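Q: File start03.txt follows (compact mmCIF, C-alpha atoms):
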# COMPACT_ATOMS: atom_id res chain seq x y z
CA MET A 268 31.92 -154.90 -117.30
CA ASP A 269 34.24 -156.26 -114.59
CA THR A 270 35.54 -153.40 -112.42
CA LYS A 271 36.28 -155.28 -109.21
CA GLY A 272 39.41 -157.20 -108.41
CA PRO A 273 39.58 -160.43 -106.41
CA GLU A 274 38.99 -160.37 -102.68
CA ILE A 275 41.86 -161.53 -100.48
CA LYS A 276 41.68 -162.74 -96.90
CA PHE A 277 44.71 -163.69 -94.78
CA ASN A 278 44.28 -166.69 -92.51
CA THR A 279 47.98 -166.91 -91.61
CA PRO A 280 50.29 -165.31 -90.72
CA VAL A 281 48.48 -163.27 -88.10
CA GLU A 282 49.32 -159.60 -87.81
CA ASN A 283 52.58 -158.81 -85.95
CA GLN A 284 53.67 -162.47 -85.88
CA THR A 285 57.44 -162.95 -85.54
CA PHE A 286 59.63 -165.23 -87.66
CA ASN A 287 63.32 -166.10 -87.84
CA VAL A 288 65.27 -165.55 -91.02
CA ASN A 289 66.19 -168.93 -92.58
CA SER A 290 62.82 -170.35 -91.52
CA TYR A 291 59.53 -169.95 -93.41
CA VAL A 292 56.22 -168.12 -93.17
CA THR A 293 53.15 -170.27 -93.65
CA VAL A 294 50.92 -168.14 -95.86
CA ASN A 295 47.35 -169.42 -95.81
CA ALA A 296 44.83 -167.22 -97.58
CA THR A 297 41.52 -167.26 -99.39
CA VAL A 298 41.09 -165.55 -102.75
CA THR A 299 37.71 -165.17 -104.43
CA ASP A 300 36.39 -163.49 -107.58
CA GLU A 301 32.98 -163.40 -109.21
CA ASN A 302 34.38 -164.55 -112.57
CA LYS A 303 37.89 -165.97 -112.48
CA ILE A 304 41.36 -165.72 -110.94
CA SER A 305 44.22 -165.53 -113.43
CA ALA A 306 47.24 -164.98 -111.16
CA VAL A 307 48.22 -165.00 -107.47
CA SER A 308 51.63 -164.30 -105.96
CA ILE A 309 53.31 -163.82 -102.58
CA SER A 310 56.07 -161.28 -101.87
CA LEU A 311 57.99 -159.89 -98.92
CA LEU A 312 58.27 -156.11 -98.55
CA ASP A 313 60.40 -154.10 -96.14
CA ALA A 314 59.12 -151.37 -93.81
CA SER A 315 59.11 -148.88 -96.71
CA GLN A 316 57.16 -151.40 -98.79
CA ASN A 317 60.03 -152.07 -101.17
CA PHE A 318 60.57 -155.63 -102.34
CA ALA A 319 62.91 -157.38 -99.91
CA HIS A 320 62.88 -160.97 -101.15
CA ILE A 321 61.63 -163.15 -104.00
CA THR A 322 58.09 -163.20 -105.39
CA VAL A 323 56.53 -166.68 -105.39
CA PRO A 324 53.67 -167.53 -107.80
CA VAL A 325 50.71 -169.52 -106.48
CA SER A 326 48.94 -172.13 -108.60
CA VAL A 327 45.42 -171.00 -109.50
CA SER A 328 42.70 -173.63 -109.14
CA SER A 329 39.30 -171.90 -109.20
CA PRO A 330 37.50 -168.53 -108.80
CA SER A 331 37.27 -169.30 -105.09
CA MET A 332 40.38 -170.88 -103.63
CA THR A 333 42.26 -171.29 -100.37
CA PHE A 334 45.96 -171.94 -100.65
CA ASN A 335 48.74 -172.82 -98.24
CA VAL A 336 52.33 -171.89 -99.14
CA ASN A 337 55.51 -172.07 -97.06
CA TYR A 338 57.29 -168.85 -98.02
CA LEU A 339 61.01 -169.45 -97.36
CA LEU A 340 62.98 -166.66 -95.72
CA ASP A 341 66.24 -168.01 -97.14
CA ASN A 342 68.02 -164.67 -97.54
CA ILE A 343 70.73 -164.34 -94.90
CA HIS A 344 70.91 -160.57 -95.50
CA LEU A 345 67.41 -159.87 -94.19
CA GLU A 346 67.76 -157.66 -91.12
CA SER A 347 65.63 -157.68 -87.98
CA GLY A 348 62.56 -155.48 -88.11
CA LEU A 349 59.16 -154.80 -89.61
CA TYR A 350 58.16 -156.40 -92.92
CA TYR A 351 54.98 -157.08 -94.89
CA ILE A 352 53.78 -160.26 -96.55
CA LYS A 353 52.02 -159.11 -99.71
CA ILE A 354 49.49 -161.17 -101.67
CA MET A 355 48.68 -159.98 -105.17
CA ALA A 356 45.73 -161.42 -107.09
CA SER A 357 44.42 -160.64 -110.57
CA ASP A 358 41.34 -161.63 -112.53
CA GLY A 359 42.95 -160.63 -115.81
CA GLU A 360 41.40 -157.17 -115.79
CA ASN A 361 41.72 -155.93 -112.22
CA ASP A 362 44.42 -156.43 -109.63
CA SER A 363 44.06 -156.61 -105.86
CA GLN A 364 46.64 -156.71 -103.14
CA LYS A 365 46.64 -157.19 -99.39
CA PHE A 366 49.37 -156.81 -96.78
CA GLN A 367 50.02 -158.52 -93.48
CA LYS A 368 52.54 -156.98 -91.07
CA ILE A 369 55.12 -159.35 -89.59
CA TYR A 370 58.46 -159.05 -87.79
CA LEU A 371 61.69 -160.83 -88.66
CA ILE A 372 64.65 -161.74 -86.46
CA ALA A 373 67.91 -161.71 -88.43
CA VAL A 374 70.50 -164.47 -88.52
CA PRO A 375 73.00 -163.52 -85.78
CA LYS A 376 76.10 -161.88 -87.21
CA ALA A 377 79.19 -164.02 -86.64
CA LEU A 378 82.87 -163.70 -87.46
CA LYS A 379 83.92 -166.33 -90.00
CA THR A 380 87.52 -165.62 -90.98
CA ILE A 381 90.34 -163.21 -90.22
CA TYR A 382 92.32 -162.29 -93.33
CA LEU A 383 95.79 -160.77 -93.27
CA VAL A 384 97.22 -158.78 -96.18
CA SER A 385 101.01 -158.75 -96.34
CA SER A 386 103.76 -158.09 -98.84
CA VAL A 387 107.19 -159.44 -99.73
CA GLY A 388 108.92 -156.66 -101.62
CA ALA A 389 107.07 -154.51 -104.14
CA ALA A 390 106.05 -157.22 -106.60
CA GLN A 391 103.80 -159.52 -104.55
CA THR A 392 100.91 -159.18 -102.13
CA ASN A 393 99.74 -162.14 -100.08
CA LEU A 394 96.31 -162.82 -98.61
CA SER A 395 96.50 -165.18 -95.63
CA VAL A 396 94.21 -166.55 -92.94
CA ILE A 397 94.78 -166.21 -89.20
CA ASP A 398 93.27 -169.20 -87.43
CA THR A 399 90.76 -168.66 -84.65
CA ASN A 400 93.32 -169.52 -81.94
CA PHE A 401 95.79 -166.97 -83.34
CA SER A 402 98.38 -169.73 -83.53
CA ALA A 403 99.11 -169.79 -87.28
CA ILE A 404 99.05 -167.65 -90.42
CA THR A 405 98.11 -169.79 -93.43
CA PRO A 406 98.74 -168.54 -97.00
CA TYR A 407 95.51 -168.29 -99.00
CA HIS A 408 96.21 -166.46 -102.28
CA THR A 409 99.03 -164.51 -103.93
CA PHE A 410 98.46 -161.37 -106.00
CA SER A 411 101.17 -160.17 -108.39
CA GLY A 412 102.24 -156.54 -108.42
CA ASP A 413 102.43 -153.81 -105.82
CA TYR A 414 99.82 -152.80 -103.25
CA LEU A 415 97.68 -149.72 -102.61
CA SER A 416 94.69 -150.92 -100.62
CA SER A 417 92.23 -153.77 -100.03
CA SER A 418 88.90 -154.64 -98.45
CA ILE A 419 86.55 -157.53 -97.69
CA SER A 420 82.83 -157.68 -98.51
CA SER A 421 80.93 -159.87 -96.06
CA TYR A 422 77.76 -159.28 -98.08
CA HIS A 423 79.26 -160.83 -101.21
CA GLN A 424 81.88 -163.02 -99.42
CA GLN A 425 84.49 -161.45 -101.64
CA ALA A 426 87.89 -159.76 -101.31
CA TYR A 427 89.07 -156.72 -103.27
CA MET A 428 92.76 -156.06 -103.88
CA CYS A 429 94.01 -152.83 -105.48
CA GLY A 430 97.53 -152.18 -106.76
CA ASN A 431 99.27 -148.85 -107.24
CA PHE A 432 101.79 -148.82 -110.12
CA THR A 433 101.83 -152.47 -111.22
CA GLY A 434 99.18 -154.38 -109.25
CA ASN A 435 95.72 -155.14 -110.64
CA PHE A 436 92.41 -154.15 -109.13
CA THR A 437 90.85 -157.57 -108.49
CA GLY A 438 87.62 -158.93 -107.08
CA HIS A 439 88.23 -162.35 -105.57
CA VAL A 440 85.60 -164.93 -104.52
CA LEU A 441 86.62 -166.20 -101.10
CA ASP A 442 84.53 -169.39 -100.98
CA TYR A 443 86.20 -170.69 -104.14
CA ASN A 444 89.53 -168.84 -103.96
CA SER A 445 89.07 -167.64 -107.53
CA PRO A 446 89.06 -164.25 -109.30
CA LYS A 447 85.70 -162.67 -110.07
CA PHE A 448 87.09 -159.82 -112.17
CA THR A 449 90.38 -158.05 -112.89
CA VAL A 450 91.17 -154.50 -113.99
CA ALA A 451 94.79 -154.29 -115.14
CA PRO A 452 96.86 -151.10 -114.86
CA ILE A 453 98.78 -149.44 -117.67
CA VAL A 454 102.29 -149.55 -116.22
CA SER A 455 104.30 -146.33 -116.49
CA SER A 456 106.44 -144.02 -114.35
CA ASN A 457 103.25 -142.68 -112.78
CA PRO A 458 100.90 -144.63 -110.52
CA TYR A 459 97.83 -146.03 -112.25
CA PHE A 460 95.53 -146.50 -109.24
CA THR A 461 95.79 -143.67 -106.70
CA GLY A 462 92.87 -143.98 -104.31
CA TYR A 463 90.51 -146.59 -102.92
CA CYS A 464 87.50 -146.87 -100.61
CA SER A 465 84.75 -149.43 -100.16
CA SER A 466 81.38 -150.15 -98.65
CA ASP A 467 80.40 -153.66 -97.67
CA ARG A 468 78.96 -154.19 -101.16
CA ASP A 469 80.94 -152.03 -103.59
CA ALA A 470 84.45 -150.70 -104.23
CA TYR A 471 85.56 -147.30 -105.52
CA VAL A 472 88.87 -146.77 -107.29
CA ALA A 473 90.58 -143.53 -108.30
CA ARG A 474 93.17 -143.31 -111.08
CA TYR A 475 96.02 -140.96 -111.93
CA ASP A 476 94.11 -139.78 -115.02
CA GLY A 477 91.51 -138.24 -112.68
CA THR A 478 88.73 -140.79 -113.07
CA ILE A 479 86.91 -142.28 -110.09
CA LYS A 480 84.85 -145.40 -110.72
CA GLY A 481 82.52 -147.45 -108.57
CA TYR A 482 82.52 -151.24 -109.16
CA ASN A 483 79.94 -153.79 -108.08
CA TYR A 484 80.81 -157.33 -106.99
CA ALA A 485 80.94 -158.56 -110.60
CA GLY A 486 83.26 -155.79 -111.79
CA GLY A 487 80.49 -153.77 -113.43
CA ILE A 488 80.91 -149.99 -113.32
CA PHE A 489 77.88 -148.26 -111.79
CA TYR A 490 79.40 -144.94 -110.64
CA GLY A 491 81.68 -142.41 -112.27
CA ALA A 492 83.25 -139.09 -111.27
CA ILE A 493 86.07 -136.90 -112.54
CA SER A 494 88.61 -135.19 -110.28
CA LEU A 495 89.25 -131.45 -110.47
CA SER A 496 91.26 -130.46 -113.54
CA GLY A 497 94.89 -131.56 -113.24
CA CYS A 498 94.23 -133.50 -110.03
CA TYR A 499 93.81 -137.10 -108.89
CA ALA A 500 92.03 -138.50 -105.85
CA GLN A 501 93.73 -140.27 -102.95
CA GLN A 502 91.80 -140.99 -99.74
CA MET A 503 88.02 -141.13 -100.24
CA CYS A 504 84.85 -141.77 -98.27
CA PHE A 505 81.08 -141.42 -98.57
CA ASN A 506 78.86 -139.28 -96.38
CA ASP A 507 75.09 -139.56 -96.86
CA GLY A 508 75.60 -140.57 -100.49
CA TYR A 509 78.12 -137.80 -101.26
CA LEU A 510 81.67 -138.79 -102.21
CA ILE A 511 84.37 -136.83 -100.37
CA ALA A 512 87.85 -137.03 -101.85
CA GLU A 513 91.32 -135.80 -100.97
CA GLU A 514 92.65 -134.57 -104.31
CA LYS A 515 96.21 -133.63 -105.25
CA GLU A 516 97.21 -131.28 -108.04
CA ILE A 517 99.79 -133.06 -110.21
CA MET A 518 101.98 -130.08 -111.05
CA THR A 519 102.04 -128.20 -107.72
CA GLY A 520 101.09 -130.80 -105.09
CA THR A 521 98.35 -128.47 -103.80
CA LYS A 522 95.48 -130.35 -102.15
CA LYS A 523 91.73 -129.89 -102.13
CA LEU A 524 88.89 -131.56 -100.28
CA VAL A 525 86.26 -132.19 -102.95
CA THR A 526 82.60 -133.11 -102.48
CA TYR A 527 80.65 -134.88 -105.24
CA PHE A 528 76.90 -135.11 -105.63
CA PRO A 529 75.51 -138.68 -105.52
CA THR A 530 75.30 -138.41 -109.33
CA GLY A 531 79.11 -138.08 -109.52
CA SER A 532 79.31 -134.41 -110.49
CA VAL A 533 81.39 -131.97 -108.40
CA GLU A 534 79.40 -130.01 -105.84
CA LYS A 535 82.14 -127.94 -104.15
CA ASN A 536 85.68 -127.98 -102.80
CA CYS A 537 87.83 -126.35 -100.15
CA SER A 538 91.55 -126.08 -99.39
CA LEU A 539 93.23 -128.98 -97.62
CA SER A 540 96.61 -128.67 -95.88
CA GLN A 541 97.04 -132.17 -94.48
CA ASP A 542 97.96 -135.56 -95.94
CA VAL A 543 94.88 -137.57 -95.07
CA VAL A 544 95.38 -140.86 -93.24
CA SER A 545 91.73 -141.67 -92.66
CA PHE A 546 88.22 -140.27 -93.00
CA CYS A 547 85.85 -141.24 -90.17
CA GLU A 548 82.20 -140.32 -90.53
CA MET A 549 80.75 -138.65 -87.43
CA ASP A 550 77.17 -138.24 -88.71
CA VAL A 551 75.28 -137.64 -91.95
CA ALA A 552 76.78 -134.18 -92.40
CA ASP A 553 80.18 -134.26 -90.67
CA VAL A 554 83.34 -136.27 -91.31
CA PHE A 555 86.51 -136.36 -89.25
CA VAL A 556 89.69 -135.92 -91.28
CA PHE A 557 92.68 -137.48 -89.52
CA GLY A 558 96.15 -137.03 -90.96
CA ASN A 559 99.43 -135.13 -90.89
CA VAL A 560 100.73 -131.69 -91.78
CA GLY A 561 104.47 -131.80 -92.44
CA GLY A 562 104.65 -135.14 -90.65
CA GLN A 563 102.80 -133.87 -87.57
CA ALA A 564 99.49 -135.46 -86.52
CA THR A 565 96.37 -133.33 -86.83
CA ILE A 566 92.60 -133.59 -86.36
CA GLU A 567 90.08 -131.70 -88.48
CA LEU A 568 86.32 -131.93 -88.90
CA PHE A 569 84.66 -131.40 -92.26
CA ASP A 570 81.20 -129.83 -92.27
CA ARG A 571 80.03 -131.13 -95.64
CA ILE A 572 76.90 -128.99 -95.95
CA ASN A 573 78.75 -125.73 -95.29
CA ASN A 574 81.96 -126.90 -97.00
CA ASN A 575 83.94 -125.97 -93.92
CA LEU A 576 87.06 -127.72 -92.61
CA TRP A 577 87.90 -126.74 -89.03
CA SER A 578 89.90 -127.89 -85.99
CA PRO A 579 87.69 -129.29 -83.19
CA TYR A 580 90.73 -130.04 -81.00
CA PRO A 581 92.56 -126.74 -80.36
CA PHE A 582 95.66 -128.27 -78.81
CA ALA A 583 98.84 -129.78 -80.21
CA LEU A 584 98.92 -133.54 -80.55
CA ALA A 585 101.95 -135.57 -79.50
CA SER A 586 105.03 -135.01 -81.65
CA GLY A 587 105.10 -137.39 -84.59
CA SER A 588 102.82 -138.78 -87.28
CA LEU A 589 99.37 -140.27 -87.25
CA LEU A 590 99.36 -143.77 -88.77
CA SER A 591 95.76 -144.93 -88.39
CA ALA A 592 92.33 -143.95 -87.07
CA LEU A 593 89.26 -145.93 -86.03
CA ARG A 594 85.70 -144.82 -85.27
CA ILE A 595 84.25 -146.56 -82.21
CA ASP A 596 81.11 -144.43 -82.11
CA SER A 597 80.14 -140.91 -83.17
CA ASP A 598 81.96 -139.42 -80.18
CA THR A 599 84.94 -141.77 -79.73
CA TYR A 600 87.92 -142.41 -82.04
CA LEU A 601 91.18 -144.29 -81.60
CA LEU A 602 94.36 -142.89 -83.15
CA GLY A 603 97.47 -144.94 -83.90
CA HIS A 604 100.59 -142.76 -83.50
CA SER A 605 104.17 -143.19 -84.66
CA ASN A 606 105.42 -142.81 -81.08
CA GLY A 607 104.03 -146.26 -80.18
CA THR A 608 100.93 -144.99 -78.39
CA ILE A 609 97.28 -145.42 -79.31
CA TYR A 610 95.27 -142.39 -78.22
CA LYS A 611 91.56 -142.05 -77.52
CA TYR A 612 89.97 -138.88 -78.88
CA GLN A 613 86.55 -137.81 -77.62
CA TYR A 614 84.77 -135.06 -79.49
CA SER A 615 82.29 -134.06 -76.77
CA SER A 616 84.98 -133.40 -74.18
CA SER A 617 87.63 -132.30 -76.71
CA SER A 618 90.08 -134.67 -75.04
CA VAL A 619 92.96 -136.83 -76.23
CA THR A 620 94.23 -139.42 -73.75
CA ALA A 621 96.69 -142.34 -73.94
CA TYR A 622 94.74 -145.55 -74.50
CA LEU A 623 97.39 -148.23 -75.16
CA THR A 624 101.16 -147.91 -75.12
CA GLY A 625 103.81 -150.01 -76.82
CA TYR A 626 101.91 -150.52 -80.10
CA THR A 627 102.75 -148.70 -83.33
CA ALA A 628 99.40 -149.29 -85.00
CA ILE A 629 99.42 -149.00 -88.78
CA LYS A 630 95.78 -150.18 -88.77
CA LEU A 631 93.07 -150.43 -86.13
CA LYS A 632 90.00 -152.66 -86.54
CA TYR A 633 87.00 -153.30 -84.31
CA ASP A 634 84.84 -156.42 -84.12
CA ALA A 635 81.57 -155.30 -82.53
CA VAL A 636 80.27 -158.89 -82.39
CA GLN A 637 82.99 -160.00 -79.98
CA ASN A 638 83.87 -156.50 -78.68
CA LYS A 639 87.48 -156.97 -79.80
CA LEU A 640 90.00 -154.37 -80.87
CA TYR A 641 92.58 -155.51 -83.43
CA VAL A 642 95.88 -153.60 -83.30
CA VAL A 643 97.85 -154.16 -86.49
CA GLU A 644 101.57 -153.39 -86.58
CA ALA A 645 104.17 -153.93 -89.29
CA ASN A 646 104.86 -157.51 -88.15
CA ARG A 647 102.36 -158.22 -85.38
CA VAL A 648 98.62 -158.38 -84.72
CA THR A 649 97.33 -158.05 -81.16
CA THR A 650 93.74 -158.25 -79.97
CA PHE A 651 92.20 -156.71 -76.85
CA ASN A 652 88.84 -156.66 -75.15
CA LEU A 653 87.69 -153.15 -75.98
CA THR A 654 85.99 -152.61 -72.61
CA THR A 655 88.63 -153.96 -70.24
CA LEU A 656 91.68 -153.61 -72.53
CA GLY A 657 92.60 -157.12 -71.48
CA LEU A 658 95.00 -158.74 -73.95
CA VAL A 659 93.35 -161.62 -75.84
CA ASN A 660 95.76 -162.82 -78.54
CA THR A 661 99.03 -161.94 -80.29
CA ILE A 662 100.54 -163.32 -83.48
CA ASN A 663 103.70 -162.34 -85.34
CA SER A 664 104.23 -162.20 -89.11
CA THR A 665 107.49 -162.72 -90.95
CA GLU A 666 106.09 -160.61 -93.81
CA THR A 667 105.29 -156.89 -93.78
CA ILE A 668 101.63 -156.49 -92.84
CA GLN A 669 99.57 -154.10 -94.94
CA ASP A 670 96.10 -154.63 -93.51
CA LEU A 671 93.72 -156.94 -91.68
CA HIS A 672 90.10 -157.69 -92.63
CA LEU A 673 87.26 -159.40 -90.80
CA LEU A 674 84.86 -161.59 -92.79
CA TYR A 675 81.42 -162.18 -91.28
CA ASN A 676 78.73 -164.67 -92.22
CA ARG A 677 76.59 -161.87 -93.68
Represent the structure from my file as structure tokens, please.

A:
Amino acid sequence: MDTKGPEIKFNTPVENQTFNVNSYVTVNATVTDENKISAVSISLLDASQNFAHITVPVSVSSPSMTFNVNYLLDNIHLESGLYYIKIMASDGENDSQKFQKIYLIAVPKALKTIYLVSSVGAAQTNLSVIDTNFSAITPYHTFSGDYLSSSISSYHQQAYMCGNFTGNFTGHVLDYNSPKFTVAPIVSSNPYFTGYCSSDRDAYVARYDGTIKGYNYAGGIFYGAISLSGCYAQQMCFNDGYLIAEEKEIMTGTKKLVTYFPTGSVEKNCSLSQDVVSFCEMDVADVFVFGNVGGQATIELFDRINNNLWSPYPFALASGSLLSALRIDSDTYLLGHSNGTIYKYQYSSSSVTAYLTGYTAIKLKYDAVQNKLYVVEANRVTTFNLTTLGLVNTINSTETIQDLHLLYNR
């Protein structure tokens, strides 16, 4: 009775060898068995020994064989770090496997395209491209209907556009300028889509009927949640797999901050007095909630585990409304204010200081690759070096700007 699997010996790669993504690993190994070999394959596993890339079969020639295979690392999404080359061999009754530890160096992240979202009235939203010299805005695609929110997925090289009352929720393939999927609203006197958030891979959309759905790049629904009874979600974010939603009661306008388990069921909620402008995650248990109470800017911090919303900045902010917020790091946040000043808030020192003046920032974006801050106003985009605050570029738009998105190569 055969109780022993094939023996496997790595010749190459050697342990701890380093490779670049988009190159190949030469896998040279010897596999032997006392009777026969029925199957051999090569895989790449991540540091947790989960499959990270394709499995390649190896042609079997004899019970004792040495093979040489160039295993292509042609997945641009592979990150730098520790991986394992795994060889699996079977004699038809018993399986064997062996691992060789290697290190990968990722393809450098690079900015590909700057997309501008703008509108002309309430019936059309335009997606345009800002050229690298910031000298021209070139129309790219027109979406019919009104606008609620949008995002760009660098992972899937895809744009997502979400309407409010009349606009569709659309996934759009950027390389081919063609729709991937469309979810049409039912037009009525009430909004159809009410809230939107996204990761780099997926998009989450809330509706007036209280449903919250997560969509993958192909338009498939993989996540579902239901708002509190009589409520609908507006601003949303994720924190360590938990969905956090600003929810509004339809009849009274009362607001709640609601936390959902990763499964989509409600975990808990607490009272919310502000109109949320932006959620900014501080860490895996705390989320900053930036917004306005009666038109006046406010800062709160949500302790998700203890379901506690509190004020980490005990002083009054400048008179006027908060328009935008941007996380630079866990301690530093930029706040766009209606008075034309961008403020820097630091949690550790509980300080708010003027950062840039003369810019009414409806959106703030940061490109960590080039260390650039993008200040988006109603009809102008200006870029600065984040460290020196030196002005880099400015471009004006004849249309009303809604947002700006940065598309990277991966």

Q: What gap, in Å, lies between atom CA of A:Phe460 and atom CA of A:Thr526?

A: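 Calculated distance between atom CA of A:Phe460 and atom CA of A:Thr526 is 19.8 Å.
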
Q: If we draw a sphere of 12 Å around (106.2, -161.8, -89.5), which residues have at least one atom in it when counting only C-alpha atoms? Please report them as a PyMOL selection string.

A: chain A and resi 383-387+395+403-404+643-648+661-669

Q: Would you save the residues of that selection, restricted to C-alpha atoms, as a tab-separated table (two decimals), keeping the file's coordinate frame?

A:
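What follows is the written file result-v4.tsv:
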chain	number	residue	atom	x	y	z
A	383	LEU	CA	95.79	-160.77	-93.27
A	384	VAL	CA	97.22	-158.78	-96.18
A	385	SER	CA	101.01	-158.75	-96.34
A	386	SER	CA	103.76	-158.09	-98.84
A	387	VAL	CA	107.19	-159.44	-99.73
A	395	SER	CA	96.50	-165.18	-95.63
A	403	ALA	CA	99.11	-169.79	-87.28
A	404	ILE	CA	99.05	-167.65	-90.42
A	643	VAL	CA	97.85	-154.16	-86.49
A	644	GLU	CA	101.57	-153.39	-86.58
A	645	ALA	CA	104.17	-153.93	-89.29
A	646	ASN	CA	104.86	-157.51	-88.15
A	647	ARG	CA	102.36	-158.22	-85.38
A	648	VAL	CA	98.62	-158.38	-84.72
A	661	THR	CA	99.03	-161.94	-80.29
A	662	ILE	CA	100.54	-163.32	-83.48
A	663	ASN	CA	103.70	-162.34	-85.34
A	664	SER	CA	104.23	-162.20	-89.11
A	665	THR	CA	107.49	-162.72	-90.95
A	666	GLU	CA	106.09	-160.61	-93.81
A	667	THR	CA	105.29	-156.89	-93.78
A	668	ILE	CA	101.63	-156.49	-92.84
A	669	GLN	CA	99.57	-154.10	-94.94

Q: Would you mind listing what lies within 10 Å of A:Val325 as a CSV table (one decimal) with C-alpha atoms, in the frame of the given file, with only C-alpha atoms counted and same-chain residues fewer than 5 positions away left out?

A:
chain,number,residue,atom,x,y,z
A,306,ALA,CA,47.2,-165.0,-111.2
A,307,VAL,CA,48.2,-165.0,-107.5
A,308,SER,CA,51.6,-164.3,-106.0
A,309,ILE,CA,53.3,-163.8,-102.6
A,334,PHE,CA,46.0,-171.9,-100.6
A,335,ASN,CA,48.7,-172.8,-98.2
A,336,VAL,CA,52.3,-171.9,-99.1
A,354,ILE,CA,49.5,-161.2,-101.7
A,355,MET,CA,48.7,-160.0,-105.2
A,356,ALA,CA,45.7,-161.4,-107.1

Q: By how many Å are atom CA of A:Thr285 and atom CA of A:Ser315 apart?

A: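 It comes out at 18.0 Å.
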
Q: At what distance in Å, to one decimal, does atom CA of A:Cys429 lie from atom CA of A:Asp413?

A: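 Interatomic distance, atom CA of A:Asp413 to atom CA of A:Cys429: 8.5 Å.
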
Q: I need the residue nearest A:Leu623 from this list: A:Val636, A:Leu656, A:Leu349, A:Leu510. Use all atoms listed in the file for the distance.

A: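 Result for the nearest residue to A:Leu623: A:Leu656.
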
Q: Could you check which residues have any atom within 7 Å of (37.8, -163.1, -107.1), counting all atoms listed in the file with coordinates taken straight from the file, and then list them as a ChimeraX atom specification?

A: /A:272-274,298-304,330-331,358

Q: Might you pull out every residue within 6 Å of stretch 596-610 of chain A, with all atoms listed in the file counted and same-chain residues fewer than 2 positions away left off, and present them as a ChimeraX atom specification?

A: /A:549,587-594,612-614,620-628

Q: With only C-alpha atoms as the atoms that count, which of A:Asn506, A:Gln563, A:Asn574, A:Gln316 lies nearest to A:Val525?

A: A:Asn574

Q: So, with only C-alpha atoms as the atoms that count, which of A:Thr449, A:Ser456, A:Asn575, A:Thr461 lies closest to A:Gly487?

A: A:Thr449

Q: List the neighbours of A:Phe410 out to 9 Å using all atoms listed in the file; skip same-chain residues closer than 4 positions along the sequence, and give me the result as a list in words.

A: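 Surrounding residues, per the criterion: Ala390, Gln391, Thr392, Asn393, Leu394, Met428, Gly434, Asn435 and Thr437 of chain A.
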
Q: For the selection you just gave me, I'd like the residues written to a file as a PDB file, in the frame of the given file, keeping C-alpha atoms.

A:
ATOM      1  CA  ALA A 390     106.050-157.220-106.600  1.00  0.00           C
ATOM      2  CA  GLN A 391     103.800-159.520-104.550  1.00  0.00           C
ATOM      3  CA  THR A 392     100.910-159.180-102.130  1.00  0.00           C
ATOM      4  CA  ASN A 393      99.740-162.140-100.080  1.00  0.00           C
ATOM      5  CA  LEU A 394      96.310-162.820 -98.610  1.00  0.00           C
ATOM      6  CA  MET A 428      92.760-156.060-103.880  1.00  0.00           C
ATOM      7  CA  GLY A 434      99.180-154.380-109.250  1.00  0.00           C
ATOM      8  CA  ASN A 435      95.720-155.140-110.640  1.00  0.00           C
ATOM      9  CA  THR A 437      90.850-157.570-108.490  1.00  0.00           C
TER      10      THR A 437
END

Q: With 6 Å on each side, where is the centre of the axis-aligned box around all listed atoms of stretch 501-512 of chain A, and how long are its edges in Å to one decimal, as AutoDock Vina command-line options?

A:
--center_x 84.4 --center_y -139.3 --center_z -99.7 --size_x 30.6 --size_y 16.9 --size_z 18.6

Q: Would you pick out the contacts of stretch 553-560 of chain A at 7 Å or less, using only C-alpha atoms, so that residues sharing its chain but fewer than 2 positions from it are not included, and give the list as a PyMOL selection string?

A: chain A and resi 540-551+562-571+588-589+592

Q: Between A:Asn278, A:Ser417, A:Asn676, A:Ser402, single out the one closest to A:Val374, counting all atoms listed in the file.

A: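 Closest to A:Val374 of all the choices is A:Asn676.
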
Q: Within 7 Å of stretch 514-524 of chain A, counting all atoms listed in the file, which residues qualify if same-chain residues fewer than 4 places away don't, as a PDB file with C-alpha atoms, in the frame of the given file?

A:
ATOM      1  CA  GLY A 497      94.890-131.560-113.240  1.00  0.00           C
ATOM      2  CA  CYS A 498      94.230-133.500-110.030  1.00  0.00           C
ATOM      3  CA  TYR A 499      93.810-137.100-108.890  1.00  0.00           C
ATOM      4  CA  ALA A 500      92.030-138.500-105.850  1.00  0.00           C
ATOM      5  CA  GLN A 501      93.730-140.270-102.950  1.00  0.00           C
ATOM      6  CA  ASN A 536      85.680-127.980-102.800  1.00  0.00           C
ATOM      7  CA  CYS A 537      87.830-126.350-100.150  1.00  0.00           C
ATOM      8  CA  SER A 538      91.550-126.080 -99.390  1.00  0.00           C
ATOM      9  CA  LEU A 539      93.230-128.980 -97.620  1.00  0.00           C
ATOM     10  CA  SER A 540      96.610-128.670 -95.880  1.00  0.00           C
TER      11      SER A 540
END

Q: For A:Leu671, which residue among A:Tyr475, A:Ile397, A:Ser617, A:Gln367 is the nearest when counting all atoms listed in the file?

A: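 Nearest to A:Leu671: A:Ile397.
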